[in-house]
Every structure is written in structure tokens, then in C-alpha cells.
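Below is one structure; the comments refer to it alone.
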Amino acid sequence: MKKPTKSPAKRPRAKTSGPAVEAVFDTYPKPVKAKLLALRRLILDTAKSTKGVGLVEETLKWGQPSYLTLETKSGSTIRIDQVKAEAGQYAVYFHCQTNLVETFRELYPELRYGGNRSILLDAGEKLPEVALRHCIALALTYHARKRKAAK
């Protein structure tokens with residue numbers, strides 16, 4: 001009988017900062033927390049399936065769960081948080097000095113936006129997964145596309 005060979009360990013696709021990020025998620029009201037956790041899964045899944053992104057680090061920036069492409073530097077930071085001024089609202093934030101939100105507006109006019117820095121979402125509505133997955137992939141590859149265009 002042949003001994004099974006061990007397959008090489010798969011490299012993790014996300015590095016989390018652990019308790020600090022979890023503690024922030026625990027502060028959100030239940031419906032918003034559930035949506036933000038779904039959004040977190042969507043970001044991490046999109047990163048895993050998007051070529052050239054590499055390891056994504058989950059950390060806190062300005063007290064918000066944030067996702068960075070530190071390994072490849074392929075993308076712009078994505079942050080998620082509740083909208084404090086509006087109960088039941090949450091958002092995906094992007095760097096305001098990029099053209100990401102402007103691009104998203106052209107591609108997905110049906111989404112709600114907060115200026116040039118966020119996509120606004122309602123905890124009482126279904127997550128627009130297809131549109132968000134595309135927007136997230138564009139953010140996670142923002143710098144890689146700029147570098148490629150500059151060549």
C-alpha cells in the first residue's frame with residue numbers, strides 16, 4: 001500500500017490583524033455587522049480570484065477594517081464601515097485621489113455614491129454582489145493597471 005504524499009501547504013490569501021479587527025466588527029449593530037462581514041468575505045474572495053493581487057492584509061485604518069495589497073502593491077486600499085450619520089447604512093471606501101469611484105459611477109449608475117470616495121449601501125437591501133465584486137477587483141488592481149498603462 002502506497003503512503004499518501006503530503007501536498008504542499010497552500011499559502012494563505014489574507015493576513016488578518018486578528019482581535020483588533022474582530023473587536024471593531026463586534027461594535028456594529030447586528031444588521032450592519034452581518035452586511036459588513038458579507039462584504040469582508042466578498043473582498044477576500046475577490047482578492048483570491050483576481051490575478052496579480054496576491055496576499056491581502058486586513059488591518060485597521062482610521063478605526064475601519066481595511067484591505068491592502070502589501071505583497072504586490074497592485075491595488076488601492078479598500079475600507080469598510082458603517083455610515084455613522086445614517087442608521088442602517090454602511091459603505092465601501094476608496095482613496096479619494098484615485099478615479100475609482102468616477103469609474104464605478106460610469107459602470108454602475110444604479111449604485112449610490114458618497115462623493116468621490118465611497119459606495120453607499122443599505123443594511124435592509126440585498127448586497128449588489130456582481131457590481132461590488134467588479135468594483136473591488138478594479139480597486140485591488142488599480143496600481144497594477146496604472147503601471148501597465150505607463151509602460
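Identifiers in the C-alpha cells: chain A, B, ... in order shown; residue index from 1 per chain; ligand index from 1 in order shown.
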
Select from stretch 67-137 of chain A everything DSSP, run on the backbone, classes as alpha helix (DSSP H), then give the selection as a ChimeraX atom specification.
/A:100-107,129-137

What would the file look like if the residues just selected were written as a tab-separated table (two decimals), in the first residue's frame with all heavy atoms?
chain	number	residue	atom	x	y	z
A	100	LEU	N	-11.27	55.83	-9.10
A	100	LEU	CA	-12.06	54.61	-8.94
A	100	LEU	C	-13.56	54.88	-8.87
A	100	LEU	O	-14.33	54.28	-9.63
A	100	LEU	CB	-11.59	53.84	-7.70
A	100	LEU	CG	-10.26	53.10	-7.87
A	100	LEU	CD1	-9.71	52.66	-6.52
A	100	LEU	CD2	-10.43	51.92	-8.81
A	101	VAL	N	-13.99	55.75	-7.98
A	101	VAL	CA	-15.44	55.98	-7.82
A	101	VAL	C	-16.03	56.58	-9.10
A	101	VAL	O	-17.13	56.24	-9.50
A	101	VAL	CB	-15.75	56.81	-6.56
A	101	VAL	CG1	-17.22	57.19	-6.49
A	101	VAL	CG2	-15.36	56.01	-5.30
A	102	GLU	N	-15.27	57.44	-9.76
A	102	GLU	CA	-15.71	58.00	-11.04
A	102	GLU	C	-15.94	56.87	-12.06
A	102	GLU	O	-16.95	56.85	-12.76
A	102	GLU	CB	-14.63	58.96	-11.55
A	102	GLU	CG	-14.92	59.61	-12.87
A	102	GLU	CD	-13.75	60.47	-13.35
A	102	GLU	OE1	-13.03	61.03	-12.50
A	102	GLU	OE2	-13.56	60.54	-14.57
A	103	THR	N	-15.03	55.91	-12.08
A	103	THR	CA	-15.17	54.75	-12.97
A	103	THR	C	-16.39	53.92	-12.58
A	103	THR	O	-17.17	53.50	-13.44
A	103	THR	CB	-13.89	53.88	-12.91
A	103	THR	OG1	-12.78	54.68	-13.31
A	103	THR	CG2	-14.00	52.65	-13.80
A	104	PHE	N	-16.57	53.71	-11.28
A	104	PHE	CA	-17.72	52.92	-10.81
A	104	PHE	C	-19.03	53.59	-11.20
A	104	PHE	O	-19.99	52.91	-11.59
A	104	PHE	CB	-17.69	52.75	-9.29
A	104	PHE	CG	-16.44	52.13	-8.73
A	104	PHE	CD1	-16.10	52.34	-7.40
A	104	PHE	CD2	-15.60	51.35	-9.50
A	104	PHE	CE1	-14.96	51.77	-6.85
A	104	PHE	CE2	-14.44	50.78	-8.97
A	104	PHE	CZ	-14.12	51.00	-7.64
A	105	ARG	N	-19.10	54.91	-11.11
A	105	ARG	CA	-20.32	55.65	-11.49
A	105	ARG	C	-20.69	55.40	-12.95
A	105	ARG	O	-21.86	55.27	-13.28
A	105	ARG	CB	-20.12	57.15	-11.30
A	105	ARG	CG	-20.26	57.67	-9.92
A	105	ARG	CD	-20.07	59.20	-9.94
A	105	ARG	NE	-19.67	59.72	-8.66
A	105	ARG	CZ	-20.50	59.97	-7.66
A	105	ARG	NH1	-21.78	59.76	-7.80
A	105	ARG	NH2	-20.04	60.45	-6.52
A	106	GLU	N	-19.67	55.38	-13.80
A	106	GLU	CA	-19.91	55.13	-15.24
A	106	GLU	C	-20.40	53.70	-15.47
A	106	GLU	O	-21.31	53.48	-16.26
A	106	GLU	CB	-18.62	55.36	-16.03
A	106	GLU	CG	-18.21	56.81	-16.10
A	106	GLU	CD	-16.84	57.01	-16.74
A	106	GLU	OE1	-16.34	56.07	-17.41
A	106	GLU	OE2	-16.27	58.11	-16.56
A	107	LEU	N	-19.79	52.75	-14.77
A	107	LEU	CA	-20.14	51.34	-14.95
A	107	LEU	C	-21.45	50.95	-14.27
A	107	LEU	O	-22.21	50.13	-14.78
A	107	LEU	CB	-19.02	50.45	-14.40
A	107	LEU	CG	-17.68	50.52	-15.12
A	107	LEU	CD1	-16.60	49.80	-14.31
A	107	LEU	CD2	-17.80	49.92	-16.51
A	129	GLU	N	-23.83	42.08	-5.26
A	129	GLU	CA	-22.57	41.33	-5.33
A	129	GLU	C	-21.82	41.44	-6.65
A	129	GLU	O	-20.61	41.61	-6.66
A	129	GLU	CB	-22.81	39.85	-5.01
A	129	GLU	CG	-22.92	39.61	-3.53
A	129	GLU	CD	-22.85	38.14	-3.18
A	129	GLU	OE1	-21.99	37.43	-3.73
A	129	GLU	OE2	-23.66	37.72	-2.33
A	130	VAL	N	-22.52	41.33	-7.76
A	130	VAL	CA	-21.84	41.34	-9.06
A	130	VAL	C	-21.13	42.67	-9.28
A	130	VAL	O	-19.94	42.72	-9.61
A	130	VAL	CB	-22.82	41.02	-10.22
A	130	VAL	CG1	-22.16	41.21	-11.57
A	130	VAL	CG2	-23.37	39.61	-10.07
A	131	ALA	N	-21.85	43.76	-9.07
A	131	ALA	CA	-21.27	45.09	-9.25
A	131	ALA	C	-20.13	45.32	-8.24
A	131	ALA	O	-19.05	45.80	-8.62
A	131	ALA	CB	-22.34	46.17	-9.08
A	132	LEU	N	-20.35	44.97	-6.98
A	132	LEU	CA	-19.32	45.18	-5.96
A	132	LEU	C	-18.07	44.34	-6.23
A	132	LEU	O	-16.95	44.83	-6.06
A	132	LEU	CB	-19.86	44.88	-4.57
A	132	LEU	CG	-20.75	45.95	-3.97
A	132	LEU	CD1	-21.27	45.51	-2.62
A	132	LEU	CD2	-20.01	47.27	-3.84
A	133	ARG	N	-18.26	43.12	-6.66
A	133	ARG	CA	-17.11	42.25	-6.97
A	133	ARG	C	-16.24	42.91	-8.04
A	133	ARG	O	-15.02	42.95	-7.94
A	133	ARG	CB	-17.57	40.86	-7.40
A	133	ARG	CG	-16.42	39.89	-7.61
A	133	ARG	CD	-16.92	38.50	-7.94
A	133	ARG	NE	-17.66	37.89	-6.85
A	133	ARG	CZ	-17.10	37.24	-5.83
A	133	ARG	NH1	-15.80	37.14	-5.74
A	133	ARG	NH2	-17.85	36.69	-4.90
A	134	HIS	N	-16.88	43.46	-9.07
A	134	HIS	CA	-16.14	44.12	-10.15
A	134	HIS	C	-15.43	45.38	-9.63
A	134	HIS	O	-14.25	45.60	-9.91
A	134	HIS	CB	-17.08	44.46	-11.31
A	134	HIS	CG	-16.38	44.98	-12.51
A	134	HIS	ND1	-16.96	45.88	-13.36
A	134	HIS	CD2	-15.13	44.75	-13.00
A	134	HIS	CE1	-16.10	46.18	-14.33
A	134	HIS	NE2	-14.99	45.50	-14.13
A	135	CYS	N	-16.13	46.19	-8.85
A	135	CYS	CA	-15.54	47.41	-8.29
A	135	CYS	C	-14.36	47.07	-7.38
A	135	CYS	O	-13.31	47.73	-7.43
A	135	CYS	CB	-16.59	48.21	-7.52
A	135	CYS	SG	-17.91	48.89	-8.55
A	136	ILE	N	-14.51	46.05	-6.57
A	136	ILE	CA	-13.44	45.62	-5.66
A	136	ILE	C	-12.23	45.14	-6.46
A	136	ILE	O	-11.09	45.50	-6.16
A	136	ILE	CB	-13.97	44.55	-4.68
A	136	ILE	CG1	-14.94	45.19	-3.69
A	136	ILE	CG2	-12.82	43.83	-3.97
A	136	ILE	CD1	-15.80	44.20	-2.93
A	137	ALA	N	-12.48	44.34	-7.50
A	137	ALA	CA	-11.37	43.86	-8.34
A	137	ALA	C	-10.65	45.03	-9.00
A	137	ALA	O	-9.41	45.04	-9.08
A	137	ALA	CB	-11.90	42.90	-9.41

Could you give me, as a ChimeraX atom specification, the residues within 8 Å of A:Pro31, counting only C-alpha atoms and dropping anything in the same chain fewer than 4 positions from it?
/A:35,88,123-124

Near-A:Glu58 list (12 Å; only C-alpha atoms; drop same-chain fewer than 5 positions) as a list in words:
Arg13, Ala14, Lys15, Thr16, Ser17, Gly18, Pro19, Ala20, Val21, Glu22, Arg40, Arg41, Ile43, Leu44, Ala47, Gln64, Pro65, Ser66, Tyr67, Leu68, Thr69, Leu70, Thr77, Ile78, Arg79 and Ile80 of chain A

Export of prior selection with C-alpha atoms as a short mmCIF file (atom, residue, chain, number, x, y, z; two decimals), in the first residue's frame:
data_model
loop_
_atom_site.label_atom_id
_atom_site.label_comp_id
_atom_site.auth_asym_id
_atom_site.auth_seq_id
_atom_site.Cartn_x
_atom_site.Cartn_y
_atom_site.Cartn_z
CA ARG A 13 -4.58 34.63 0.76
CA ALA A 14 -5.35 37.01 3.61
CA LYS A 15 -3.41 38.12 6.63
CA THR A 16 -5.70 39.37 9.37
CA SER A 17 -4.79 41.53 12.30
CA GLY A 18 -6.98 39.28 14.43
CA PRO A 19 -8.56 40.52 17.64
CA ALA A 20 -8.33 44.25 16.83
CA VAL A 21 -10.38 43.90 13.63
CA GLU A 22 -12.78 41.43 15.24
CA ARG A 40 -15.43 41.35 4.03
CA ARG A 41 -15.91 37.84 2.58
CA ILE A 43 -13.39 41.43 -0.69
CA LEU A 44 -11.27 38.45 0.39
CA ALA A 47 -8.79 39.14 -3.97
CA GLN A 64 -12.08 50.91 9.99
CA PRO A 65 -11.46 47.39 8.65
CA SER A 66 -9.12 47.92 5.72
CA TYR A 67 -7.73 45.71 2.97
CA LEU A 68 -4.29 46.30 1.47
CA THR A 69 -2.29 44.58 -1.24
CA LEU A 70 1.05 44.88 0.57
CA THR A 77 -6.68 50.41 -0.06
CA ILE A 78 -10.32 49.44 0.47
CA ARG A 79 -12.00 50.30 3.78
CA ILE A 80 -15.45 49.32 5.06
#

For each of A:Thr98, A:Gln82, A:Thr141, A:Ser76, take the minimum atom-to-atom distance to A:Asn116, counting only C-alpha atoms, then give the residue where this is smallest.
A:Thr98

Distance criterion (only C-alpha atoms): nearest to A:Gly63 out of A:Asn99, A:Ala150, A:Asp81, A:Leu42:
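The answer is A:Asp81, which sits nearest to A:Gly63.
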